[in-house]
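Following: one structure in structure tokens, then a few remarks.
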Protein chains: 2
Amino acid sequence: MFDIEPIGTVHTPIETSREAPSQGLKDEIEGTIEIDPAYEQALQGIEAGDEIVVVWFADEADRSLLELDKVPGRGVFNSRSPARPNPIVITPCTVTEVSGTEIGVRGVDMIDGSPVLDLKSTLHRDLNQA
Amino acid sequence: MFDIEPIGTVHTPIETSREAPSQGLKDEIEGTIEIDPAYEQALQGIEAGDEIVVVWFADEADRSLLELDKVPGRGVFNSRSPARPNPIVITPCTVTEVSGTEIGVRGVDMIDGSPVLDLKSTLHRDLNQA
């Protein structure tokens, strides 16, 4: 097991996994990431307008599922579904505001209160890849 | 702490972090991901030519670093560096071959033997995001 602790929490208007938007619909949903103040220095340079990758943990996901419920024969590793053995999810978002260790973002699909594991800059080099 | 266990291991020609290629140079480096046979069903549908995202753990990374060594004033959350509090790294790769639970990939930047936490399909919807 790895020693992985949350670096923060994300607040969104999504209360249950049934309300989680599909990829095409999430673009306009706004949320706030509260980063642990101990990590403020790690946020340096992030500003409104930036595209970032939010790495979070879907703690309500079904970790026993190996095949998509809705698409039998398609493996979970061949999908973006949160349901997978290690439900680590990566969601690209647009930063709308940075205020200390609170980051406003647009494009969220996390359930309210989900633990955040990491933030990264997006990979701009090859636009075909994510 | 989260209950996260590796789903496999990646084999690459990169032996130390000093040899790890920068983003622009990694494209042609090949490696093999060995997935735990317990998860074979989760691989269904992945085939040569696919672009996938490999989520792995940089267990040799400096987890205390909050600012880039080489770019003072730039926070690690505003970067793709493996050095960060939770060194979960996402590397887009191209599948070259699938043989049972062994997946050949091109575009690796992991140190040989790194634990793999997850595989995902790439996000093709918005090519500006990763």
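Each chain in the structure tokens gets a letter, A, B and so on, in the order shown; residues start at 1 in every chain, and ligands are counted from 1 in the order they appear.
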
Handout entry: Exercise: range 109-121 of chain B partners within 9 Å, only C-alpha atoms, chain neighbours under 6 positions left out, as a count of residues only
Key = 54

Exercise for the section: Determine which residues of range 42-75 of chain B receive a DSSP assignment of strand (DSSP E or B), computed from the backbone, and state them as a ChimeraX atom specification. Expected result: /B:51-57,67,75

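Nearest residue to chain B, choosing from A:Glu67, A:Asp62, A:Asp36, A:Glu102 and counting only C-alpha atoms: A:Glu67.
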
Completion exercise
Judged by only C-alpha atoms, the minimum distance to Gly73 in chain A among B:Gln44, B:Thr101, B:Thr32, B:Thr122 is found for B:Gln44

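Across the model, the gap from CA of Leu66 in chain A to CA of Val108 in chain B is 24.8 Å.
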
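The interatomic distance for the pair CA of Ser99 in chain A and CA of Met1 in chain B works out to 27.2 Å.
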
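Of the listed residues (B:Glu47, B:Asp3, B:Glu30, B:Glu97), B:Asp3 comes nearest to chain A; the distances count only C-alpha atoms.
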